[in-house]
Structure formats: C-alpha cells, structure tokens
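A.B. asks: What follows is input03.cif, mmCIF, C-alpha atoms.
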```
data_start
loop_
_atom_site.group_PDB
_atom_site.id
_atom_site.type_symbol
_atom_site.label_atom_id
_atom_site.label_comp_id
_atom_site.auth_asym_id
_atom_site.auth_seq_id
_atom_site.Cartn_x
_atom_site.Cartn_y
_atom_site.Cartn_z
ATOM 1 C CA MET F 1400 0.000 0.000 0.000
ATOM 2 C CA GLU F 1401 1.153 3.484 -0.808
ATOM 3 C CA TYR F 1402 -0.672 6.626 0.242
ATOM 4 C CA ARG F 1403 -0.457 10.373 0.512
ATOM 5 C CA LYS F 1404 -2.389 12.835 2.635
ATOM 6 C CA PHE F 1405 -3.943 15.933 1.057
ATOM 7 C CA GLY F 1406 -5.587 18.161 3.672
ATOM 8 C CA ASP F 1407 -8.163 15.998 5.459
ATOM 9 C CA THR F 1408 -8.011 13.223 2.839
ATOM 10 C CA PHE F 1409 -5.816 10.148 2.352
ATOM 11 C CA VAL F 1410 -5.470 8.763 -1.180
ATOM 12 C CA LEU F 1411 -4.368 5.113 -1.207
ATOM 13 C CA ARG F 1412 -3.174 2.650 -3.803
ATOM 14 C CA LEU F 1413 -3.370 -1.032 -2.928
ATOM 15 C CA ASP F 1414 -1.351 -3.566 -4.901
ATOM 16 C CA PRO F 1415 -1.868 -7.222 -5.885
ATOM 17 C CA LYS F 1416 -2.419 -9.662 -3.010
ATOM 18 C CA GLU F 1417 -3.175 -6.907 -0.481
ATOM 19 C CA GLU F 1418 -6.407 -7.257 1.490
ATOM 20 C CA ILE F 1419 -8.615 -4.167 1.637
ATOM 21 C CA CYS F 1420 -9.950 -4.308 5.210
ATOM 22 C CA GLY F 1421 -6.585 -5.191 6.726
ATOM 23 C CA ARG F 1422 -4.835 -2.342 4.939
ATOM 24 C CA LEU F 1423 -7.520 0.186 5.930
ATOM 25 C CA LEU F 1424 -7.294 -0.869 9.569
ATOM 26 C CA ALA F 1425 -3.488 -0.595 9.405
ATOM 27 C CA LEU F 1426 -3.806 2.934 7.989
ATOM 28 C CA ALA F 1427 -6.243 3.899 10.752
ATOM 29 C CA GLU F 1428 -3.864 2.579 13.422
ATOM 30 C CA SER F 1429 -0.722 4.201 12.025
ATOM 31 C CA GLU F 1430 -2.377 7.557 11.258
ATOM 32 C CA HIS F 1431 -4.594 7.631 14.384
ATOM 33 C CA ILE F 1432 -7.820 7.924 12.365
ATOM 34 C CA THR F 1433 -10.940 7.669 14.535
ATOM 35 C CA LEU F 1434 -13.662 8.760 12.107
ATOM 36 C CA ALA F 1435 -13.687 8.773 8.303
ATOM 37 C CA GLU F 1436 -15.681 8.227 5.133
ATOM 38 C CA ILE F 1437 -14.309 5.605 2.706
ATOM 39 C CA SER F 1438 -14.843 5.146 -1.048
ATOM 40 C CA GLY F 1439 -12.985 3.280 -3.734
ATOM 41 C CA LEU F 1440 -12.725 1.134 -6.830
ATOM 42 C CA GLY F 1441 -10.335 -1.401 -8.325
ATOM 43 C CA ALA F 1442 -10.019 -5.071 -9.163
ATOM 44 C CA VAL F 1443 -10.213 -8.153 -6.934
ATOM 45 C CA ASN F 1444 -9.897 -11.891 -7.414
ATOM 46 C CA GLU F 1445 -11.461 -13.105 -4.168
ATOM 47 C CA PHE F 1446 -13.834 -11.493 -1.687
ATOM 48 C CA THR F 1447 -16.344 -12.312 1.019
ATOM 49 C CA VAL F 1448 -19.504 -10.256 1.471
ATOM 50 C CA GLY F 1449 -22.645 -10.855 3.447
ATOM 51 C CA ALA F 1450 -26.059 -9.698 4.517
ATOM 52 C CA PHE F 1451 -27.699 -9.426 7.928
ATOM 53 C CA ASN F 1452 -31.153 -10.933 8.408
ATOM 54 C CA THR F 1453 -32.957 -8.465 10.680
ATOM 55 C CA GLU F 1454 -35.608 -10.995 11.711
ATOM 56 C CA THR F 1455 -33.279 -13.809 12.812
ATOM 57 C CA LYS F 1456 -30.362 -11.473 13.680
ATOM 58 C CA GLU F 1457 -28.088 -13.827 11.757
ATOM 59 C CA TYR F 1458 -25.384 -12.899 9.308
ATOM 60 C CA ARG F 1459 -24.850 -14.849 6.069
ATOM 61 C CA SER F 1460 -21.564 -14.619 4.172
ATOM 62 C CA ASN F 1461 -20.704 -15.624 0.611
ATOM 63 C CA THR F 1462 -17.242 -15.920 -0.926
ATOM 64 C CA PHE F 1463 -16.589 -15.236 -4.616
ATOM 65 C CA SER F 1464 -13.452 -15.790 -6.674
ATOM 66 C CA GLY F 1465 -12.548 -14.970 -10.264
ATOM 67 C CA ILE F 1466 -12.113 -11.822 -12.298
ATOM 68 C CA TYR F 1467 -14.036 -8.961 -10.664
ATOM 69 C CA GLU F 1468 -14.051 -5.180 -10.918
ATOM 70 C CA ILE F 1469 -15.093 -3.193 -7.848
ATOM 71 C CA VAL F 1470 -18.106 -1.124 -8.884
ATOM 72 C CA SER F 1471 -18.723 0.276 -5.411
ATOM 73 C CA LEU F 1472 -16.768 0.419 -2.175
ATOM 74 C CA THR F 1473 -18.303 2.766 0.352
ATOM 75 C CA GLY F 1474 -18.390 2.962 4.103
ATOM 76 C CA THR F 1475 -17.264 4.414 7.377
ATOM 77 C CA LEU F 1476 -14.405 4.033 9.769
ATOM 78 C CA SER F 1477 -15.257 4.657 13.408
ATOM 79 C CA THR F 1478 -14.159 3.093 16.707
ATOM 80 C CA LYS F 1479 -15.365 0.287 18.947
ATOM 81 C CA ASP F 1480 -13.781 -0.040 22.370
ATOM 82 C CA GLY F 1481 -11.325 2.647 21.265
ATOM 83 C CA LYS F 1482 -10.010 0.640 18.286
ATOM 84 C CA PRO F 1483 -10.613 1.259 14.552
ATOM 85 C CA TYR F 1484 -13.840 -0.329 13.289
ATOM 86 C CA LEU F 1485 -14.827 -0.647 9.618
ATOM 87 C CA HIS F 1486 -18.317 -0.742 8.174
ATOM 88 C CA ILE F 1487 -17.966 -1.104 4.401
ATOM 89 C CA HIS F 1488 -20.375 -2.166 1.693
ATOM 90 C CA PHE F 1489 -18.965 -3.578 -1.512
ATOM 91 C CA ALA F 1490 -20.186 -4.562 -4.963
ATOM 92 C CA ALA F 1491 -18.141 -6.178 -7.728
ATOM 93 C CA GLY F 1492 -18.934 -7.206 -11.297
ATOM 94 C CA ASN F 1493 -17.595 -10.212 -13.185
ATOM 95 C CA GLU F 1494 -16.697 -10.625 -16.876
ATOM 96 C CA GLN F 1495 -20.353 -11.197 -17.764
ATOM 97 C CA GLY F 1496 -21.409 -7.975 -16.050
ATOM 98 C CA GLN F 1497 -23.105 -9.756 -13.155
ATOM 99 C CA VAL F 1498 -22.757 -7.833 -9.908
ATOM 100 C CA VAL F 1499 -22.782 -9.223 -6.368
ATOM 101 C CA GLY F 1500 -22.241 -7.429 -3.114
ATOM 102 C CA GLY F 1501 -23.041 -6.801 0.494
ATOM 103 C CA HIS F 1502 -21.240 -6.017 3.722
ATOM 104 C CA LEU F 1503 -17.504 -6.457 3.075
ATOM 105 C CA ASN F 1504 -15.658 -8.997 5.219
ATOM 106 C CA ARG F 1505 -12.497 -9.193 3.106
ATOM 107 C CA ALA F 1506 -11.281 -8.653 -0.459
ATOM 108 C CA ASN F 1507 -7.953 -9.513 -2.096
ATOM 109 C CA ILE F 1508 -6.618 -7.166 -4.754
ATOM 110 C CA SER F 1509 -5.814 -8.682 -8.155
ATOM 111 C CA ALA F 1510 -4.488 -5.603 -9.997
ATOM 112 C CA THR F 1511 -4.942 -2.427 -7.949
ATOM 113 C CA ALA F 1512 -7.389 -0.482 -5.831
ATOM 114 C CA GLU F 1513 -7.771 3.270 -5.511
ATOM 115 C CA ILE F 1514 -9.291 4.225 -2.184
ATOM 116 C CA VAL F 1515 -10.076 7.623 -0.686
ATOM 117 C CA VAL F 1516 -10.339 8.044 3.079
ATOM 118 C CA ARG F 1517 -11.785 11.411 4.090
ATOM 119 C CA ILE F 1518 -11.193 12.285 7.733
ATOM 120 C CA ILE F 1519 -14.100 13.623 9.786
ATOM 121 C CA ASN F 1520 -13.013 15.572 12.871
ATOM 122 C CA GLY F 1521 -14.227 13.782 15.973
ATOM 123 C CA THR F 1522 -14.922 10.292 17.216
ATOM 124 C CA VAL F 1523 -18.024 8.127 17.043
ATOM 125 C CA GLU F 1524 -17.812 4.995 19.147
ATOM 126 C CA ARG F 1525 -19.855 1.895 18.297
ATOM 127 C CA GLU F 1526 -21.958 -0.007 20.780
ATOM 128 C CA PHE F 1527 -23.757 -3.328 20.386
ATOM 129 C CA SER F 1528 -27.543 -3.034 20.195
ATOM 130 C CA ASP F 1529 -29.420 -6.057 21.564
ATOM 131 C CA LYS F 1530 -32.569 -4.775 19.858
ATOM 132 C CA ILE F 1531 -31.008 -4.603 16.374
ATOM 133 C CA GLY F 1532 -28.234 -7.174 16.789
ATOM 134 C CA LEU F 1533 -25.481 -4.965 15.331
ATOM 135 C CA ASN F 1534 -22.747 -2.557 16.431
ATOM 136 C CA LEU F 1535 -24.365 0.865 15.958
ATOM 137 C CA PHE F 1536 -23.080 4.441 16.131
ATOM 138 C CA SER F 1537 -23.303 5.655 19.718
ATOM 139 C CA PHE F 1538 -23.228 9.427 19.734
ATOM 140 C CA GLU F 1539 -23.263 9.556 23.533
ATOM 141 C CA ASN F 1540 -19.695 8.190 23.584
ATOM 142 C CA GLY F 1541 -18.320 10.275 20.703
ATOM 143 C CA THR F 1542 -16.231 13.419 20.759
ATOM 144 C CA LEU F 1543 -16.001 16.572 18.661
#
```
Spit out the file's structure as structure tokens when you get a sec.

C.D. replies:
Amino acid sequence: MEYRKFGDTFVLRLDPKEEICGRLLALAESEHITLAEISGLGAVNEFTVGAFNTETKEYRSNTFSGIYEIVSLTGTLSTKDGKPYLHIHFAAGNEQGQVVGGHLNRANISATAEIVVRIINGTVEREFSDKIGLNLFSFENGTL
C-alpha cells in the first residue's frame, strides 16, 4: 500500500495480493484515524460479502473468486472499544457484467485499488444493540 495525505483526505493505492480491510485498519492505526468516510474502486480476485437478516439477527456470508471489478466500495471508519472499526459495503462485477455485493468482510486485490479516506473531525464509538443485533453508532460516547 502506498498513500499520501492531502488536507483531510488520504489517497491510497493497494497492490496485488493486499487485502482491503486489513490495509484500511493498518492505515487507521498508524495515522490515528478515529472517524472517516471511505470510497474506492479497483479489481479483486477473491472477496467475502454478506447480509444481515434483521428478523433472525443472523449474518450470512458468501465468498466469490474470479475476475471482478469493484463497482462500489463505500463505508465508514469509526471506533469500537477505542479501536478502529470498519463498516464497508462492496459490490463487484464479473466478466459477464453480473454484480454481487453486500457487507464487506475481506477482499484480495488482483491488480490495484484506488481508495479515498476522508477524515471527519471527531470520534463516534460503536456499541452493540441487543434490539437490532449490530454494532451501531453511539453518539453519547463520541467526541467533537
């Protein structure tokens, strides 16, 4: 991964065999990022995405491999228990133009990825909601 900072924004390039979530968490740790907006595109050869069933409160993951172009990578970086926490949604299209996506668990770069991380001043901590079954923004524990 290579990156540069321009004002409140980091511009990243990921290279083959790098994993998106791991690299973003490493950036957050090394640059002390506590709140940010994430977007990107690129190419991957293996990824796992999922969806949360709100009725059963169960999460279902699916893994895909092959030739895929990222058509959407969008999300947030916040904190949970004071550590960086990612919430990213991801969609990728194959050679036939079929697109799959969901909540991103992991994705391995095949060619490159171009990712923008825009810092938001402050902190928003996440807290588990028994009612929803997910880690939600908790504004009571955030800072400006």

A.B. asks: Could you tell me which residues the PyMOL selection byres ((chain F and resi 1475-1479) around 8) grabs in this file, written as a PDB file with C-alpha atoms, keeping the file's coordinate frame?

C.D. replies:
```pdb
ATOM      1  CA  THR F1433     -10.940   7.669  14.535  1.00  0.00           C
ATOM      2  CA  LEU F1434     -13.662   8.760  12.107  1.00  0.00           C
ATOM      3  CA  ALA F1435     -13.687   8.773   8.303  1.00  0.00           C
ATOM      4  CA  GLU F1436     -15.681   8.227   5.133  1.00  0.00           C
ATOM      5  CA  ILE F1437     -14.309   5.605   2.706  1.00  0.00           C
ATOM      6  CA  THR F1473     -18.303   2.766   0.352  1.00  0.00           C
ATOM      7  CA  GLY F1474     -18.390   2.962   4.103  1.00  0.00           C
ATOM      8  CA  ASP F1480     -13.781  -0.040  22.370  1.00  0.00           C
ATOM      9  CA  GLY F1481     -11.325   2.647  21.265  1.00  0.00           C
ATOM     10  CA  LYS F1482     -10.010   0.640  18.286  1.00  0.00           C
ATOM     11  CA  PRO F1483     -10.613   1.259  14.552  1.00  0.00           C
ATOM     12  CA  TYR F1484     -13.840  -0.329  13.289  1.00  0.00           C
ATOM     13  CA  LEU F1485     -14.827  -0.647   9.618  1.00  0.00           C
ATOM     14  CA  HIS F1486     -18.317  -0.742   8.174  1.00  0.00           C
ATOM     15  CA  ILE F1487     -17.966  -1.104   4.401  1.00  0.00           C
ATOM     16  CA  THR F1522     -14.922  10.292  17.216  1.00  0.00           C
ATOM     17  CA  VAL F1523     -18.024   8.127  17.043  1.00  0.00           C
ATOM     18  CA  GLU F1524     -17.812   4.995  19.147  1.00  0.00           C
ATOM     19  CA  ARG F1525     -19.855   1.895  18.297  1.00  0.00           C
ATOM     20  CA  GLU F1526     -21.958  -0.007  20.780  1.00  0.00           C
TER      21      GLU F1526
END
```

A.B. asks: Could you write out as a PyMOL selection string the residues that the PyMOL selection byres ((chain F and resi 1420) around 8) matches in the shown file?

C.D. replies: chain F and resi 1418-1419+1421-1424+1485+1504-1506

A.B. asks: Between atom CA of F:Phe1446 and atom CA of F:Ala1425, what distance in Å does the model show, to one decimal?

C.D. replies: 18.7 Å

A.B. asks: Could you name the residues that touch F:Gly1449 at 8 Å or less, counting all atoms listed in the file, but leaving out those on the same chain fewer than 5 positions away, as a list in words?

C.D. replies: Tyr1458, Arg1459, Ser1460, Asn1461, Gly1500, Gly1501, His1502, Leu1503 and Asn1504 of chain F

A.B. asks: Taking the file as I've supplied it (selection: the PyMOL selection byres ((chain F and resi 1511) around 9)), which residues are included? Please answer as JSON, numbers by chain.

C.D. replies: {"F": [1412, 1413, 1414, 1415, 1417, 1440, 1441, 1442, 1443, 1508, 1509, 1510, 1512, 1513]}

A.B. asks: How about saving the chosen residues, C-alpha atoms kept, as a tab-separated table (two decimals), keeping the file's coordinate frame?

C.D. replies:
```tsv
chain	number	residue	atom	x	y	z
F	1412	ARG	CA	-3.17	2.65	-3.80
F	1413	LEU	CA	-3.37	-1.03	-2.93
F	1414	ASP	CA	-1.35	-3.57	-4.90
F	1415	PRO	CA	-1.87	-7.22	-5.88
F	1417	GLU	CA	-3.18	-6.91	-0.48
F	1440	LEU	CA	-12.72	1.13	-6.83
F	1441	GLY	CA	-10.34	-1.40	-8.32
F	1442	ALA	CA	-10.02	-5.07	-9.16
F	1443	VAL	CA	-10.21	-8.15	-6.93
F	1508	ILE	CA	-6.62	-7.17	-4.75
F	1509	SER	CA	-5.81	-8.68	-8.15
F	1510	ALA	CA	-4.49	-5.60	-10.00
F	1512	ALA	CA	-7.39	-0.48	-5.83
F	1513	GLU	CA	-7.77	3.27	-5.51
```

A.B. asks: Quick one: residues within 12 Å of F:Phe1405, all atoms listed in the file counted, chain neighbours fewer than 3 positions away excluded, as a ChimeraX atom specification?

C.D. replies: /F:1402,1408-1411,1515-1518

A.B. asks: Rounded to one decimal, what separation in Å do you get between atom CA of F:Glu1430 and atom CA of F:Phe1489?

C.D. replies: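 Straight-line distance from atom CA of F:Glu1430 to atom CA of F:Phe1489 works out to 23.7 Å.
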
A.B. asks: For atom CA of F:Gln1497 and atom CA of F:Asn1452, determine how far apart the two atoms are, in Å to one decimal place.

C.D. replies: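 These atoms are spaced 23.0 Å apart.
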
A.B. asks: Taking every listed atom of stretch 1455-1471 of chain F and adding 6 Å to each side, what centre and edge lengths in Å (one decimal) does the axis-aligned box have, as lines of an AutoDock Vina configuration file?

C.D. replies:
```
center_x = -22.7
center_y = -7.8
center_z = 0.7
size_x = 33.2
size_y = 28.2
size_z = 38.0
```

A.B. asks: Go through F:Leu1472, F:Ile1466, F:Ile1514, F:Ile1432 one by one, measure the shortest atom-to-atom distance of each to F:Gly1492 using all atoms listed in the file, and give the residue with the smallest value.

C.D. replies: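 Looking at the shortest contact to F:Gly1492, the residue is F:Ile1466.
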
A.B. asks: Which of these, F:Lys1456, F:Glu1445, F:Gln1495, F:Met1400, has the shortest distance to F:Asp1529 once you count all atoms listed in the file?

C.D. replies: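 Comparing F:Lys1456, F:Glu1445, F:Gln1495, F:Met1400 against F:Asp1529, the winner is F:Lys1456.
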
A.B. asks: I need the residue nearest F:His1488 from this list: F:Asn1444, F:Ser1438, F:Ser1429, F:Glu1457. Use only C-alpha atoms for the distance.

C.D. replies: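 Of all the options, F:Ser1438 lies closest to F:His1488.
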
A.B. asks: Taking only C-alpha atoms into account, name the residue in F:Ser1537, F:Ile1531, F:Gly1465, F:Thr1453 that is nearest to F:Glu1494.

C.D. replies: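 Closest residue, counting only C-alpha atoms: F:Gly1465.
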
A.B. asks: Save stretch 1484-1541 of chain F to disk from that block, C-alpha atoms included, as a tab-separated table (two decimals), in the first residue's frame.

C.D. replies:
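What landed in part11.tsv:
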```
chain	number	residue	atom	x	y	z
F	1484	TYR	CA	-13.84	-0.33	13.29
F	1485	LEU	CA	-14.83	-0.65	9.62
F	1486	HIS	CA	-18.32	-0.74	8.17
F	1487	ILE	CA	-17.97	-1.10	4.40
F	1488	HIS	CA	-20.37	-2.17	1.69
F	1489	PHE	CA	-18.96	-3.58	-1.51
F	1490	ALA	CA	-20.19	-4.56	-4.96
F	1491	ALA	CA	-18.14	-6.18	-7.73
F	1492	GLY	CA	-18.93	-7.21	-11.30
F	1493	ASN	CA	-17.60	-10.21	-13.18
F	1494	GLU	CA	-16.70	-10.62	-16.88
F	1495	GLN	CA	-20.35	-11.20	-17.76
F	1496	GLY	CA	-21.41	-7.98	-16.05
F	1497	GLN	CA	-23.10	-9.76	-13.16
F	1498	VAL	CA	-22.76	-7.83	-9.91
F	1499	VAL	CA	-22.78	-9.22	-6.37
F	1500	GLY	CA	-22.24	-7.43	-3.11
F	1501	GLY	CA	-23.04	-6.80	0.49
F	1502	HIS	CA	-21.24	-6.02	3.72
F	1503	LEU	CA	-17.50	-6.46	3.07
F	1504	ASN	CA	-15.66	-9.00	5.22
F	1505	ARG	CA	-12.50	-9.19	3.11
F	1506	ALA	CA	-11.28	-8.65	-0.46
F	1507	ASN	CA	-7.95	-9.51	-2.10
F	1508	ILE	CA	-6.62	-7.17	-4.75
F	1509	SER	CA	-5.81	-8.68	-8.16
F	1510	ALA	CA	-4.49	-5.60	-10.00
F	1511	THR	CA	-4.94	-2.43	-7.95
F	1512	ALA	CA	-7.39	-0.48	-5.83
F	1513	GLU	CA	-7.77	3.27	-5.51
F	1514	ILE	CA	-9.29	4.23	-2.18
F	1515	VAL	CA	-10.08	7.62	-0.69
F	1516	VAL	CA	-10.34	8.04	3.08
F	1517	ARG	CA	-11.78	11.41	4.09
F	1518	ILE	CA	-11.19	12.29	7.73
F	1519	ILE	CA	-14.10	13.62	9.79
F	1520	ASN	CA	-13.01	15.57	12.87
F	1521	GLY	CA	-14.23	13.78	15.97
F	1522	THR	CA	-14.92	10.29	17.22
F	1523	VAL	CA	-18.02	8.13	17.04
F	1524	GLU	CA	-17.81	4.99	19.15
F	1525	ARG	CA	-19.85	1.89	18.30
F	1526	GLU	CA	-21.96	-0.01	20.78
F	1527	PHE	CA	-23.76	-3.33	20.39
F	1528	SER	CA	-27.54	-3.03	20.19
F	1529	ASP	CA	-29.42	-6.06	21.56
F	1530	LYS	CA	-32.57	-4.77	19.86
F	1531	ILE	CA	-31.01	-4.60	16.37
F	1532	GLY	CA	-28.23	-7.17	16.79
F	1533	LEU	CA	-25.48	-4.97	15.33
F	1534	ASN	CA	-22.75	-2.56	16.43
F	1535	LEU	CA	-24.37	0.87	15.96
F	1536	PHE	CA	-23.08	4.44	16.13
F	1537	SER	CA	-23.30	5.66	19.72
F	1538	PHE	CA	-23.23	9.43	19.73
F	1539	GLU	CA	-23.26	9.56	23.53
F	1540	ASN	CA	-19.70	8.19	23.58
F	1541	GLY	CA	-18.32	10.27	20.70
```
